[in-house]
Structure formats: structure tokens, C-alpha cells
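Q: My questions will all concern the structure given below.
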Amino acid sequence: MKAELEKRVAAACKELFGVEVGIGLTRPEEQFGDYATNVALQLGRQLAKNPRELAEALAVKLRETLAQQISEVTVAGPGFINIKLSDQALRQSLETKPAQSLDGQTIVAEYSDPNPFKVLHAGHLYTSVVGDAIANLMEQAGGKVHRVNFGGDVGLHVAKSMWGIIKELGGEKPEALQDIGLGELDIKADWLTKRYVQGHEAYENDPAAKVEIVALNKKIYALHAQNDHGTPLARLYWTCRDWSYDYFKHFYETLGVQPFRYYPESETAPTGVKKAKELLAKGVLEESEGAVVFKGEQHGLHTRVFLTKEGLPTYETKDLGLIFIKYDDYHFDKSIIITGNDIVEYMKVVLKVVEQVAPDLSQATTHLTHGLVKLAGGEKMSSRKGNVVGALDIIASAATAARKTHAIDDKDTEKQTVFGAVKYAFLKSRMGGDLIYAPEESVSLEGNSGPYLQYAHARARSILRKAGGPAADDSASTDLEAGERSLVRKLTEYPEVVDKAVAELMPHHVCTYLYELAQAFNRFYENNRVLGDPREAPRLELVKNYATTLKTGLELLGIAAPEQM
């Protein structure tokens with residue numbers, strides 16, 4: 001309906017004033033109408049005429065051309081036009097679906113991006129949740145979305161971990177790994193993280209260890225170049241890498257996000273090195289003190305190294321290779337990359353380098369960022385990991401808070417509630433800044449939380465179950481009563497909210513809407529009897545529509561909607 005109205009208002013402007021304008025209808029407060037436009041103010045500036053008079057003329061025209069769709073058109077203030085739909089048109093708006101704005105487009109969504117040999121931290125949890133929701137939104141809009149995951153299985157951080165592993169085991173002893181974790185993936189991941197910390201501290205504080213780690217870094221690259229799986233070092237490396245990937249897979253399955261295509265840095269590095277050498281020959285990159293760099297100052301950026309003096313690729317080169325590999329694999333129309341905001345300037349440099357040789361590829365890439373995930377009060381999540389807030393620790397904290405807050409006998413429902421709490425807590429705020437996570441608040445059945453919306457859905461389903469079956473519908477064709485109309489009006493906003501969330505790649509719009517919808521239903525239910533009322537049939541239909549919209553919206557966010565709680 002909104003799109004149709006916008007076309008009609010634009011046509012009226014063209015007919016009356018000979019001017020083509022783009023119309024963007026907004027949602028005013030309910031007492032003013034269902035839609036509003038300030039087009040008369042725009043035309044007043046453009047035509048040097050009184051906008052109020054232009055608005056009055058437009059209102060007359062709209063009353064004539066939209067007599068079947070609208071019940072009222074009013075002019076307010078200096079020239080705002082408010083439009084109220086007829087009850088029939090408002091009912092019909094319930095059938096509107098979100099726009100297929102990405103139909104036919106291929107999209108690559110890259111997010112989460114954990115490094116093997118380390119534990120998953122809160123940032124990985126955040127990007128996994130938000131990235132999955134954004135990918136869902138783009139699929140809802142008709143896009144063919146490929147979810148990918150990029151991780152560093154080679155590089156200095158891996159060399160630090162491997163150095164710590166070798167020191168902890170007393171040498172290159174792959175057989176000693178069988179005693180670690182005893183099949184527990186989280187224990188193995190935690191053990192690997194401690195080895196990284198051990199290696200990092202040695203690299204920073206022990207010159208001799210630093211030399212050993214640098215040499216080990218070269219050996220690890222050589223394992224891939226030589227396809228070495230048999231030497232003791234290789235067996236150590238591949239076993240521990242497999243631990244990490246098994247841990248990642250288990251984590252994503254537990255979290256309930258869609259599966260990824262993995263791109264390890266060892267796969268992207270050769271392509272990146274090749275591209276870097278080509279760019280060096282073209283003068284995009286240049287040599288500096290034995291290294292290959294991009295001097296970004298001429299573009300308002302900073303200098304970054306792409307190949308070290310030892311000829312090894314840096315993160316920049318691996319990301320460079322990844323961009324071209326992703327395009328070769330998918331020929332995407334859009335590429336979305338979600339990371340922490342600490343690498344904003346880094347990605348600007350990488351994309352500027354790509355722009356020099358493949359401007360369309362750079363333009364098709366969107367880099368979205370987020371801040372840190374912190375705990376309310378600033379306390380640490382787990383002393384086991386020092387200052388690292390672990391992904392599993394956040395989930396465990398939500399589970400503990402949920403058990404304290406409300407008793408849930410069914411294990412599946414408890415799991416849905418816990419993950420719904422964490423996901424919604426991450427999604428309800430606009431992505432970009434730091435996020436303060438409060439476990440008790442996230443699991444509350446009151447206020448703007450995931451469990452509150454899950455309970456709201458279960459409550460609506462309970463009403464429908466109590467009804468038993470459809471009542472005789474004696475009033476479906478009558479006008480909407482005030483409470484009914486308010487709920488219908490709110491329900492009709494759903495496709496517009498989803499369209500906005502898709503356009504901005506911001507799932508928090510859906511969260512805000514679902515919370516407002518649940519509040520609107522509560523007001524309706526408090527003041528309008530459903531079961532046993534003469535208007536039971538149309539009101540049950542409203543309850544059903546409400547429950548379906550809640551469920552659809554929650555699932556779009558990656559959150560389950562239990563039938564009972």
C-alpha cells in the first residue's frame with residue numbers, strides 16, 4: 001500500500017504542478033493518520049509558492065483519486081499532508097510482503113572470522129549473531145547469500161601458538177596431544193589459547209624466543225607449500241588446527257547460525273602474494289627497505305606493508321587475495337564484511353588498493369563494523385582467560401541468569417530462551433558502538449528482551465489454542481473498532497521496517513518494531529475481549545496475524561519462537 005500511495009502522490013504532483021518528485025511517505029503518530037508527506041514544503045521551495053496552498057490542492061486531488069483507499073486527507077502546519085486509510089485498505093495492507101529489493105543479486109556475507117589456535121571471544125559471538133541476522137535480511141529481500149568465514153591458520157599469531165605448544169609438550173611431540181582435553185573441544189580450545197598467550201609473552205619479552213618464533217613462522221608457511229603432513233611439526237600443526245575447526249563447527253551449530261564456507265589464510269595467501277607482485281609491477285605498491293608497501297598518504301590513508309622483508313604476506317595481502325578469490329568463486333554483486341571497528345583504517349587501505357585495479361570490486365564491497373562487547377559494571381567474565389571475554393562464557397552467564405530468574409523444565413525451551421536472550425541483547429542496539437551486556441537484563445521476561453518477545457509469542461499461541469477452532473465470522477466485513485484498528489495499523493508496518501533494515505543492513509530496526517508490536521498487542525488485549533466476544537472471529541484472526549508476525553520477525557533475527565513457555 002505504501003508504495004502504491006507514493007506513486008499516486010507523485011502522479012498528483014506531476015498532474016497539478018508539472019513537477020516530478022520522489023515521494024517518501026512516513027508514519028506519523030496514529031492520531032494524525034496512517035501516512036504523512038512533506039512534499040508540499042519541497043515543492044514550495046522549488047516553485048516559490050505557498051506550501052500550505054500547494055498541500056491543500058494536493059489534498060483535494062488525493063481525495064478524488066484515492067476515494068476507495070483513503071478515509072481522510074488533512075493538511076497540518078505549514079503544509080504537511082496526513083493520509084488515513086480506509087479500514088478495508090488497512091486490512092488489505094496486511095497482505096503486503098517485504099520488498100524483493102535484492103532479487104537476482106548474489107551476495108557474499110563474511111563475518112565471525114575466528115583464528116584457529118585461539119578461543120572464540122565475545123566479538124566472534126557478536127559478529128556471528130549480527131552477521132547471521134544481516135544475511136537473513138538479505139535473503140528475505142531475494143538475495144542469494146553465501147556466508148563465508150575467514151581465519152588465520154598461518155601467520156605470526158599461529159607461530160606464537162605453535163611455539164607455546166612445543167614448549168609445553170617439551171618438544172615436537174604430536175603423540176602427547178592425545179592426553180589433552182580427552183575429547184572436550186572447549187578444553188582443547190582453552191589449552192590452545194593459553195599456548196598463544198605463552199608464545200605472545202615470550203615474543204614480546206624474550207629476544208631469543210622472538211627469533212625462534214619468526215623462524216617457526218616461516219616453517220609453518222613451508223608446511224603448506226610442501227603439503228607436509230608427516231613431520232612431527234606438521235602433525236602438531238594439523239592436529240591443533242583440526243581441533244580449532246571442530247570447535248568452531250560445534251560452536252556455530254550450538255548457536256544456531258547458518259553454516260559457513262571457510263577460507264583459511266593459507267588458501268588466500270598465495271593469491272594475495274601474486275596480486276601484490278602484480279600491483280608492485282604496476283606501481284600501485286612499491287618497495288621500501290626491502291618490504292613491499294602501499295603508501296596511502298596520497299589518498300588520505302597511511303602506509304601498510306603487504307610483503308615483509310622476508311617475502312612473507314601480511315594480513316593485508318591475505319585479505320587482498322580473499323577479495324579476489326571470493327569474486328572468482330561467486331561473481332558477487334555485493335560483498336559485506338563485518339568486523340570490529342579497530343580495523344576501519346586497515347580495511348580502507350586494502351579496499352583502496354583493490355580500487356586501483358578493480359574499482360567495481362571495491363565499490364561492491366561494504367565494510368560494517370562494531371565496537372567491543374563489555375559486561376555491565378566492567379567486570380571480567382572469566383579469570384581463566386585474563387582479560388578475554390569468552391563467547392561460551394557469555395552464553396553460560398545467560399544460562400545462569402535464566403535459571404535464577406525463571407524455572408524452565410523443558411531443556412529445549414531453556415536453550416531457546418538463553419540463546420534468544422543473548423542474540424536479542426546483541427541485536428537490539430544499532431551496530432557500531434560498544435555494547436554493554438547485562439545477563440540478568442537479557443533474560444528478563446519484562447522489558448525489551450528476547451525472552452519477553454518469545455513469551456509474547458507463546459502467549460498469543462495459547463489464546464489461539466484455547467479458542468479450539470475458528471468461530472463463526474459474523475463481522476469480518478464490518479469496520480474496525482478503535483483497538484482493532486490500532487493493532488492492524490501496527491501490523492502493517494512490518495514489511496516497511498524489514499525494507500528499512502535491509503536497506504541499512506541494520507537488524508535493530510526489526511527488534512525495535514517487534515517490541516513495539518508486542519506492546520501494541522498488550523494494549524489491545526487488555527481493552528478488547530477476544531474469546532467469547534461477539535467479534536471473536538476477526539479478533540482471533542488478528543491474534544493469529546500478530547503471532548505469525550512475531551514468529552517471522554524473531555526467526556529473521558535467528559531467534560526461535562517457542563509455542564509454549
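Going by the C-alpha cells order, chains are called A, B, ..., each with residues numbered from 1, while ligands are numbered from 1 in the order shown.
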Tell me which protein, DNA and RNA residues are within 9 Å of region 62-68 of chain A, counting only C-alpha atoms, leaving out same-chain ones fewer than 3 positions away, and put them as a count of residues only.

A: 14

Q: If we count only C-alpha atoms and set the cut-off at 12 Å, which residues sit around Lys2 (chain A), ignoring sequence neighbours fewer than 6 positions away in its own chain? Please answer as a VMD selection string.

A: chain A and resid 8 to 9 23 to 27 34 to 37 69 83 to 85 89 to 90 92 to 94 96 to 99 492 to 497 499

Q: As an MDAnalysis selection string, please: the residues near Gly433 (chain A) (cut-off 10 Å, only C-alpha atoms, same-chain neighbours under 5 positions excluded).

A: chainID A and resid 340:341 369:373

Q: Could you take the residues named above and write them with C-alpha atoms, as an mmCIF file, in the first residue's frame?

A:
```cif
data_model
loop_
_atom_site.group_PDB
_atom_site.id
_atom_site.type_symbol
_atom_site.label_atom_id
_atom_site.label_comp_id
_atom_site.auth_asym_id
_atom_site.auth_seq_id
_atom_site.Cartn_x
_atom_site.Cartn_y
_atom_site.Cartn_z
ATOM 1 C CA GLY A 340 35.376 -4.906 14.849
ATOM 2 C CA ASN A 341 35.892 -1.172 14.422
ATOM 3 C CA THR A 369 31.963 -2.506 11.963
ATOM 4 C CA HIS A 370 31.052 -2.874 15.613
ATOM 5 C CA GLY A 371 32.579 -1.950 18.946
ATOM 6 C CA LEU A 372 33.607 -4.030 21.925
ATOM 7 C CA VAL A 373 31.292 -6.278 23.891
#
```

Q: Taking the chain letters and numbering used in this document, name the residues of region 263-319 of chain A that DSSP puts in strand (DSSP E or B), as a ChimeraX atom specification.

A: /A:263-264,286-288,291-294,304-307,313

Q: Would you mind telling me which residue in A:Lys466, A:Arg461, A:Arg485, A:His509 lies nearest to Leu427 (chain A) when using only C-alpha atoms?

A: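 Using only C-alpha atoms, the shortest distance to Leu427 (chain A) belongs to A:His509.
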
Q: Find the residues around Lys210 (chain A) up to 10 Å (only C-alpha atoms counted), leave out those fewer than 3 positions away in its own chain, and share them as a ChimeraX atom specification.

A: /A:160,163,199-207,213-216

Q: Might you pull out every residue within 12 Å of Ala222 (chain A), with only C-alpha atoms counted and same-chain residues fewer than 2 positions away left off, and present them as an NGL selection string?

A: :A and (154-155 or 215-220 or 224-229 or 231 or 233-234 or 237 or 266 or 312)

Q: Please report the interatomic distance between CA of Ile134 (chain A) and CA of Ser444 (chain A) in Å with one decimal.

A: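 According to the coordinates, CA of Ile134 (chain A) and CA of Ser444 (chain A) are separated by 24.9 Å.
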
Q: Considering only C-alpha atoms, return as a ChimeraX atom specification whatever protein or nucleic-acid residues lie within 12 Å of Ser429 (chain A), sequence-local ones (same chain, fewer than 2 positions apart) excluded.

A: /A:126,130,370-371,373,423-427,431-437,448-449,506-512

Q: Nearest to Lys61 (chain A): which of A:His457, A:Cys13, A:Gln198, A:Ala48 is it, counting only C-alpha atoms?

A: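 Closest to Lys61 (chain A) of all the choices is A:Cys13.
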